[in-house]
Amino acid sequence: MKLAFSCVVVIAGPLLVSGAFAQSAPAYPVKPVRWVGAFAAGGPVDGLSRAVAQKLAQRWGQPVIIDNRSGAGGTLGADLVAKAAPDGHTLMTGHVGTHAINAALYRKLSYDPVRDFTPISLIAYMPFVLLTHPAVPAKNAGELIALAKARPGQLNYASAGIGGPTHLIPELFKTMARINVVHVSYKGNTAALTDLVSGQVQMMFSNLLTSMPFVRVGKLRAIGISTAKRSPQLPDLPAIAESGPPGFDVTAWYGVLAPAGLPGPLLERLNAEIAQTLGLPEMRERFVPQGIDLTSSTPQHFAELIKSELPKWRKVVNDAGAVPE
């Protein structure tokens with residue numbers, strides 16, 4: 001297992017915390033904070049982690065060390081955080097995979113996504129785009145569904161690997177649309193997109209950041225976005241639900257978590273400081289063009305989201321018969 005470590009450099013002194021937090025919360029942080037990313041450097045989890053961590057390091061006057069513990073679908077990093085001390089000095093960016101999908105995908109998961117963590121705040125939602133090769137005669141989700149029904153089992157969709165969002169979102173789409181398309185798994189998003197561009201497969205769900213460059217030059221066609229409403233970044237791209245399965249609404253969500261048992265005053269402080277960080281203009285200028293919707297939440301809302309997502313993805317995993325690679 002290859003581990004990647006880097007330290008977010010503190011480039012300014014600590015900012016003042018509001019009087020309420022200063023009076024109710026213990027001194028924090030008193031040492032460098034470890035921020036675990038359960039996936040490799042370069043992806044959305046890593047980018048969001050580094051951006052938020054850098055701003056908090058400036059606020060706190062303490063280094064925030066990004067610790068990328070990739071492997072096993074994010075289970076290695078999540079397990080490390082689950083077993084850490086609940087003192088706020090170990091945090092992580094979790095997402096729909098680590099805290100919803102994995103509970104259904106792995107029979108013997110080493111952590112409980114609800115019991116073993118303190119949800120602090122959501123930080124982002126990221127939609128997916130339904131892509132086709134230009135040779136596919138479908139201009140929207142409804143036309144693609146009609147084509148798939150006319151040619152059952154003859155269309156293929158690519159994914160970045162078994163059990164991830166790019167595998168399970170199209171499986172949900174298949175179930176809701178009642179179509180038969182064949183899954184082709186690749187080792188990573190780049191390999192999957194490469195074969196989609198070459199026409200080896202016909203369709204794929206991918207994120208805006210990696211897919212839109214191919215769409216803009218005509219190598220791929222974007223025919224729908226996975227959210228219930230159109231994206232402000234792509235107002236001309238219809239939501240899949242407009243012509244496809246009614247109610248289709250899927251996004252990847254990301255949030256900050258600590259080990260279970262984080263003290264209430266510290267939870268309140270971290271929640272407020274993360275919300276302030278996400279509201280900075282430079283944060284939105286960086287991520288909104290990438291199709292990433294920055295958002296904060298209460299700890300309660302984040303906890304309820306995780307609980308609601310567990311049965312949803314359990315059904316999708318079971319219907320797909322997905323097993324870890």
# chains A, B, ... in the order shown; residues from 1 in each chain; ligands from 1
call {"tool": "select_by_dssp", "arguments": {"residues": "range 263-309 of chain A", "states": "alpha helix (DSSP H)", "output": "ChimeraX atom specification"}}
result
/A:264-278,281-287,299-309
call {"tool": "write_last_selection", "arguments": {"atoms": "N, CA and C atoms", "output": "JSON list (two decimals), in the first residue's frame"}}
result
[["chain", "number", "residue", "atom", "x", "y", "z"],
["A", 264, "GLY", "N", -19.31, 17.96, 22.35],
["A", 264, "GLY", "CA", -20.27, 18.86, 21.75],
["A", 264, "GLY", "C", -19.75, 20.26, 21.44],
["A", 265, "PRO", "N", -19.07, 20.93, 22.40],
["A", 265, "PRO", "CA", -18.55, 22.27, 22.11],
["A", 265, "PRO", "C", -17.57, 22.29, 20.94],
["A", 266, "LEU", "N", -16.74, 21.24, 20.84],
["A", 266, "LEU", "CA", -15.78, 21.18, 19.74],
["A", 266, "LEU", "C", -16.51, 20.91, 18.42],
["A", 267, "LEU", "N", -17.52, 20.06, 18.46],
["A", 267, "LEU", "CA", -18.32, 19.79, 17.27],
["A", 267, "LEU", "C", -18.97, 21.08, 16.76],
["A", 268, "GLU", "N", -19.52, 21.87, 17.68],
["A", 268, "GLU", "CA", -20.17, 23.12, 17.31],
["A", 268, "GLU", "C", -19.16, 24.08, 16.68],
["A", 269, "ARG", "N", -17.97, 24.16, 17.27],
["A", 269, "ARG", "CA", -16.95, 25.07, 16.74],
["A", 269, "ARG", "C", -16.50, 24.64, 15.35],
["A", 270, "LEU", "N", -16.21, 23.35, 15.17],
["A", 270, "LEU", "CA", -15.75, 22.88, 13.87],
["A", 270, "LEU", "C", -16.82, 23.08, 12.81],
["A", 271, "ASN", "N", -18.06, 22.83, 13.16],
["A", 271, "ASN", "CA", -19.15, 23.01, 12.21],
["A", 271, "ASN", "C", -19.21, 24.46, 11.73],
["A", 272, "ALA", "N", -19.11, 25.39, 12.67],
["A", 272, "ALA", "CA", -19.19, 26.81, 12.32],
["A", 272, "ALA", "C", -17.99, 27.24, 11.47],
["A", 273, "GLU", "N", -16.81, 26.77, 11.81],
["A", 273, "GLU", "CA", -15.61, 27.19, 11.08],
["A", 273, "GLU", "C", -15.57, 26.60, 9.68],
["A", 274, "ILE", "N", -16.08, 25.40, 9.52],
["A", 274, "ILE", "CA", -16.15, 24.80, 8.18],
["A", 274, "ILE", "C", -17.14, 25.57, 7.32],
["A", 275, "ALA", "N", -18.29, 25.94, 7.91],
["A", 275, "ALA", "CA", -19.28, 26.72, 7.16],
["A", 275, "ALA", "C", -18.70, 28.06, 6.71],
["A", 276, "GLN", "N", -17.95, 28.72, 7.59],
["A", 276, "GLN", "CA", -17.33, 29.99, 7.24],
["A", 276, "GLN", "C", -16.31, 29.80, 6.11],
["A", 277, "THR", "N", -15.57, 28.72, 6.16],
["A", 277, "THR", "CA", -14.57, 28.43, 5.14],
["A", 277, "THR", "C", -15.22, 28.21, 3.78],
["A", 278, "LEU", "N", -16.29, 27.44, 3.76],
["A", 278, "LEU", "CA", -16.96, 27.13, 2.49],
["A", 278, "LEU", "C", -17.60, 28.38, 1.86],
["A", 281, "PRO", "N", -15.29, 33.56, -0.90],
["A", 281, "PRO", "CA", -15.41, 33.71, -2.36],
["A", 281, "PRO", "C", -14.39, 32.89, -3.13],
["A", 282, "GLU", "N", -13.16, 32.83, -2.64],
["A", 282, "GLU", "CA", -12.14, 32.10, -3.37],
["A", 282, "GLU", "C", -12.41, 30.60, -3.44],
["A", 283, "MET", "N", -13.11, 30.07, -2.43],
["A", 283, "MET", "CA", -13.46, 28.66, -2.46],
["A", 283, "MET", "C", -14.48, 28.40, -3.57],
["A", 284, "ARG", "N", -15.48, 29.25, -3.66],
["A", 284, "ARG", "CA", -16.50, 29.07, -4.69],
["A", 284, "ARG", "C", -15.92, 29.33, -6.08],
["A", 285, "GLU", "N", -15.04, 30.28, -6.19],
["A", 285, "GLU", "CA", -14.40, 30.55, -7.48],
["A", 285, "GLU", "C", -13.59, 29.35, -7.97],
["A", 286, "ARG", "N", -13.08, 28.59, -7.03],
["A", 286, "ARG", "CA", -12.27, 27.43, -7.40],
["A", 286, "ARG", "C", -13.12, 26.23, -7.78],
["A", 287, "PHE", "N", -14.17, 25.94, -7.02],
["A", 287, "PHE", "CA", -14.87, 24.68, -7.18],
["A", 287, "PHE", "C", -16.13, 24.74, -8.03],
["A", 299, "PRO", "N", -24.64, 19.23, 11.86],
["A", 299, "PRO", "CA", -24.26, 17.83, 12.09],
["A", 299, "PRO", "C", -25.46, 16.90, 12.02],
["A", 300, "GLN", "N", -26.60, 17.34, 12.52],
["A", 300, "GLN", "CA", -27.80, 16.50, 12.52],
["A", 300, "GLN", "C", -28.25, 16.17, 11.10],
["A", 301, "HIS", "N", -28.23, 17.18, 10.23],
["A", 301, "HIS", "CA", -28.64, 16.93, 8.84],
["A", 301, "HIS", "C", -27.70, 15.95, 8.16],
["A", 302, "PHE", "N", -26.41, 16.11, 8.39],
["A", 302, "PHE", "CA", -25.42, 15.21, 7.78],
["A", 302, "PHE", "C", -25.63, 13.79, 8.30],
["A", 303, "ALA", "N", -25.86, 13.64, 9.60],
["A", 303, "ALA", "CA", -26.09, 12.31, 10.18],
["A", 303, "ALA", "C", -27.34, 11.66, 9.58],
["A", 304, "GLU", "N", -28.39, 12.45, 9.41],
["A", 304, "GLU", "CA", -29.63, 11.91, 8.83],
["A", 304, "GLU", "C", -29.44, 11.52, 7.38],
["A", 305, "LEU", "N", -28.63, 12.29, 6.64],
["A", 305, "LEU", "CA", -28.35, 11.94, 5.25],
["A", 305, "LEU", "C", -27.67, 10.58, 5.17],
["A", 306, "ILE", "N", -26.65, 10.36, 5.99],
["A", 306, "ILE", "CA", -25.94, 9.08, 5.97],
["A", 306, "ILE", "C", -26.91, 7.94, 6.24],
["A", 307, "LYS", "N", -27.75, 8.09, 7.25],
["A", 307, "LYS", "CA", -28.71, 7.03, 7.59],
["A", 307, "LYS", "C", -29.69, 6.77, 6.45],
["A", 308, "SER", "N", -30.12, 7.81, 5.77],
["A", 308, "SER", "CA", -31.08, 7.64, 4.68],
["A", 308, "SER", "C", -30.44, 7.03, 3.44],
["A", 309, "GLU", "N", -29.15, 7.26, 3.24],
["A", 309, "GLU", "CA", -28.47, 6.74, 2.06],
["A", 309, "GLU", "C", -28.15, 5.24, 2.18]]
call {"tool": "residues_around", "arguments": {"residues": "Lys83 in chain A", "least_positions_apart": "5", "cutoff": "12 Å", "atoms": "only C-alpha atoms", "output": "number ranges by chain"}}
result
A: 76-78, 90-91, 110-112, 115-117, 258-261
call {"tool": "select_by_dssp", "arguments": {"residues": "range 94-316 of chain A", "states": "strand (DSSP E or B)", "output": "ChimeraX atom specification"}}
result
/A:94-95,117-132,156-159,182-185,203-207,221-225,239,251-259,293-294
call {"tool": "write_last_selection", "arguments": {"atoms": "C-alpha atoms", "output": "PDB file, in the first residue's frame"}}
result
ATOM      1  CA  GLY A  94     -15.968  10.966   3.851  1.00  0.00           C
ATOM      2  CA  HIS A  95     -18.348  10.534   0.956  1.00  0.00           C
ATOM      3  CA  PHE A 117     -18.184   8.548  13.510  1.00  0.00           C
ATOM      4  CA  THR A 118     -19.286  12.051  14.441  1.00  0.00           C
ATOM      5  CA  PRO A 119     -20.619  13.802  11.318  1.00  0.00           C
ATOM      6  CA  ILE A 120     -19.517  17.461  11.438  1.00  0.00           C
ATOM      7  CA  SER A 121     -20.756  19.028   8.203  1.00  0.00           C
ATOM      8  CA  LEU A 122     -21.429  18.339   4.584  1.00  0.00           C
ATOM      9  CA  ILE A 123     -19.016  20.249   2.372  1.00  0.00           C
ATOM     10  CA  ALA A 124     -20.041  19.496  -1.215  1.00  0.00           C
ATOM     11  CA  TYR A 125     -22.304  17.782  -3.693  1.00  0.00           C
ATOM     12  CA  MET A 126     -21.074  16.685  -7.116  1.00  0.00           C
ATOM     13  CA  PRO A 127     -23.444  15.672  -9.922  1.00  0.00           C
ATOM     14  CA  PHE A 128     -22.699  13.160 -12.641  1.00  0.00           C
ATOM     15  CA  VAL A 129     -23.190  13.516 -16.383  1.00  0.00           C
ATOM     16  CA  LEU A 130     -24.682  10.798 -18.567  1.00  0.00           C
ATOM     17  CA  LEU A 131     -22.329  10.523 -21.537  1.00  0.00           C
ATOM     18  CA  THR A 132     -22.566   8.678 -24.820  1.00  0.00           C
ATOM     19  CA  ASN A 156     -22.385  -1.336 -22.864  1.00  0.00           C
ATOM     20  CA  TYR A 157     -21.608   1.169 -20.126  1.00  0.00           C
ATOM     21  CA  ALA A 158     -18.163   1.832 -18.676  1.00  0.00           C
ATOM     22  CA  SER A 159     -17.294   2.319 -15.023  1.00  0.00           C
ATOM     23  CA  VAL A 182     -24.022  -4.439 -19.946  1.00  0.00           C
ATOM     24  CA  HIS A 183     -21.424  -3.271 -17.408  1.00  0.00           C
ATOM     25  CA  VAL A 184     -17.761  -3.066 -18.463  1.00  0.00           C
ATOM     26  CA  SER A 185     -15.442  -2.342 -15.519  1.00  0.00           C
ATOM     27  CA  MET A 203     -22.242   5.164 -22.417  1.00  0.00           C
ATOM     28  CA  MET A 204     -20.967   6.160 -18.983  1.00  0.00           C
ATOM     29  CA  PHE A 205     -21.752   8.307 -15.954  1.00  0.00           C
ATOM     30  CA  SER A 206     -18.832  10.589 -15.050  1.00  0.00           C
ATOM     31  CA  ASN A 207     -18.166  13.829 -13.198  1.00  0.00           C
ATOM     32  CA  ARG A 221     -21.999  13.762 -26.036  1.00  0.00           C
ATOM     33  CA  ALA A 222     -23.530  14.822 -22.712  1.00  0.00           C
ATOM     34  CA  ILE A 223     -27.227  13.938 -22.719  1.00  0.00           C
ATOM     35  CA  GLY A 224     -28.273  14.448 -19.109  1.00  0.00           C
ATOM     36  CA  ILE A 225     -27.231  15.436 -15.608  1.00  0.00           C
ATOM     37  CA  ALA A 239     -31.803  16.695 -16.040  1.00  0.00           C
ATOM     38  CA  THR A 251     -25.213  13.081  -6.512  1.00  0.00           C
ATOM     39  CA  ALA A 252     -21.974  12.209  -4.831  1.00  0.00           C
ATOM     40  CA  TRP A 253     -21.840  13.977  -1.458  1.00  0.00           C
ATOM     41  CA  TYR A 254     -18.792  14.814   0.632  1.00  0.00           C
ATOM     42  CA  GLY A 255     -18.516  15.754   4.279  1.00  0.00           C
ATOM     43  CA  VAL A 256     -16.158  16.116   7.233  1.00  0.00           C
ATOM     44  CA  LEU A 257     -16.283  13.534  10.006  1.00  0.00           C
ATOM     45  CA  ALA A 258     -14.455  12.819  13.250  1.00  0.00           C
ATOM     46  CA  PRO A 259     -14.332   9.680  15.386  1.00  0.00           C
ATOM     47  CA  ASP A 293     -21.535  22.579  -5.333  1.00  0.00           C
ATOM     48  CA  LEU A 294     -20.069  23.679  -2.006  1.00  0.00           C
TER      49      LEU A 294
END
call {"tool": "closest_residue", "arguments": {"among": "A:Val181, A:Trp60, A:Ser297, A:Glu171", "to": "Ala150 in chain A", "atoms": "only C-alpha atoms"}}
result
A:Val181
call {"tool": "closest_residue", "arguments": {"among": "A:Pro238, A:Gly164, A:Gly291, A:Gly47", "to": "Ile66 in chain A", "atoms": "only C-alpha atoms"}}
result
A:Gly47
call {"tool": "residues_around", "arguments": {"residues": "Asp46 in chain A", "least_positions_apart": "3", "cutoff": "12 Å", "atoms": "only C-alpha atoms", "output": "PyMOL selection string"}}
result
chain A and resi 4-6+35-43+49-53+65-70+92-95+254
call {"tool": "closest_residue", "arguments": {"among": "A:Val33, A:Ala192, A:Val316, A:Ile292", "to": "Leu209 in chain A", "atoms": "only C-alpha atoms"}}
result
A:Ile292
call {"tool": "closest_residue", "arguments": {"among": "A:Pro137, A:Thr295, A:Pro324, A:Ala146", "to": "Leu109 in chain A", "atoms": "only C-alpha atoms"}}
result
A:Pro324
call {"tool": "atom_distance", "arguments": {"atom1": "CA of Val136 in chain A", "atom2": "CA of Leu196 in chain A"}}
result
11.1 Å
call {"tool": "closest_residue", "arguments": {"among": "A:Asn140, A:Ser211, A:Thr75, A:Ser296", "to": "Ser243 in chain A", "atoms": "only C-alpha atoms"}}
result
A:Asn140
call {"tool": "residues_around", "arguments": {"residues": "Gly321 in chain A", "least_positions_apart": "6", "cutoff": "10 Å", "atoms": "only C-alpha atoms", "output": "list in words"}}
result
Leu105, Gly163 and Lys315 of chain A
call {"tool": "decode", "arguments": {"residues": "range 187-203 of chain A", "atoms": "N, CA and C atoms", "output": "short mmCIF file (atom, residue, chain, number, x, y, z; two decimals), in the first residue's frame"}}
result
data_model
loop_
_atom_site.label_atom_id
_atom_site.label_comp_id
_atom_site.auth_asym_id
_atom_site.auth_seq_id
_atom_site.Cartn_x
_atom_site.Cartn_y
_atom_site.Cartn_z
N LYS A 187 -10.12 -0.08 -14.65
CA LYS A 187 -9.32 0.30 -13.48
C LYS A 187 -9.07 1.80 -13.52
N GLY A 188 -10.09 2.54 -13.15
CA GLY A 188 -9.95 3.98 -13.09
C GLY A 188 -10.80 4.71 -14.11
N ASN A 189 -11.08 5.97 -13.81
CA ASN A 189 -11.94 6.79 -14.65
C ASN A 189 -11.30 7.11 -15.99
N THR A 190 -9.99 7.31 -16.01
CA THR A 190 -9.30 7.67 -17.25
C THR A 190 -9.41 6.56 -18.28
N ALA A 191 -9.18 5.33 -17.85
CA ALA A 191 -9.27 4.19 -18.78
C ALA A 191 -10.68 4.02 -19.32
N ALA A 192 -11.67 4.23 -18.45
CA ALA A 192 -13.06 4.10 -18.89
C ALA A 192 -13.41 5.17 -19.92
N LEU A 193 -13.03 6.42 -19.65
CA LEU A 193 -13.31 7.50 -20.60
C LEU A 193 -12.58 7.29 -21.92
N THR A 194 -11.38 6.75 -21.86
CA THR A 194 -10.61 6.50 -23.08
C THR A 194 -11.34 5.55 -24.01
N ASP A 195 -11.88 4.46 -23.45
CA ASP A 195 -12.61 3.51 -24.29
C ASP A 195 -13.96 4.04 -24.73
N LEU A 196 -14.56 4.93 -23.93
CA LEU A 196 -15.81 5.55 -24.38
C LEU A 196 -15.54 6.47 -25.56
N VAL A 197 -14.46 7.24 -25.50
CA VAL A 197 -14.09 8.13 -26.60
C VAL A 197 -13.81 7.33 -27.87
N SER A 198 -13.19 6.17 -27.73
CA SER A 198 -12.84 5.36 -28.90
C SER A 198 -14.02 4.54 -29.42
N GLY A 199 -15.12 4.52 -28.68
CA GLY A 199 -16.29 3.79 -29.14
C GLY A 199 -16.33 2.33 -28.74
N GLN A 200 -15.42 1.91 -27.86
CA GLN A 200 -15.43 0.52 -27.39
C GLN A 200 -16.65 0.25 -26.51
N VAL A 201 -17.12 1.28 -25.81
CA VAL A 201 -18.35 1.22 -25.04
C VAL A 201 -19.23 2.39 -25.47
N GLN A 202 -20.50 2.34 -25.11
CA GLN A 202 -21.43 3.33 -25.65
C GLN A 202 -21.84 4.42 -24.68
N MET A 203 -21.74 4.18 -23.38
CA MET A 203 -22.24 5.16 -22.42
C MET A 203 -21.50 5.07 -21.10
#
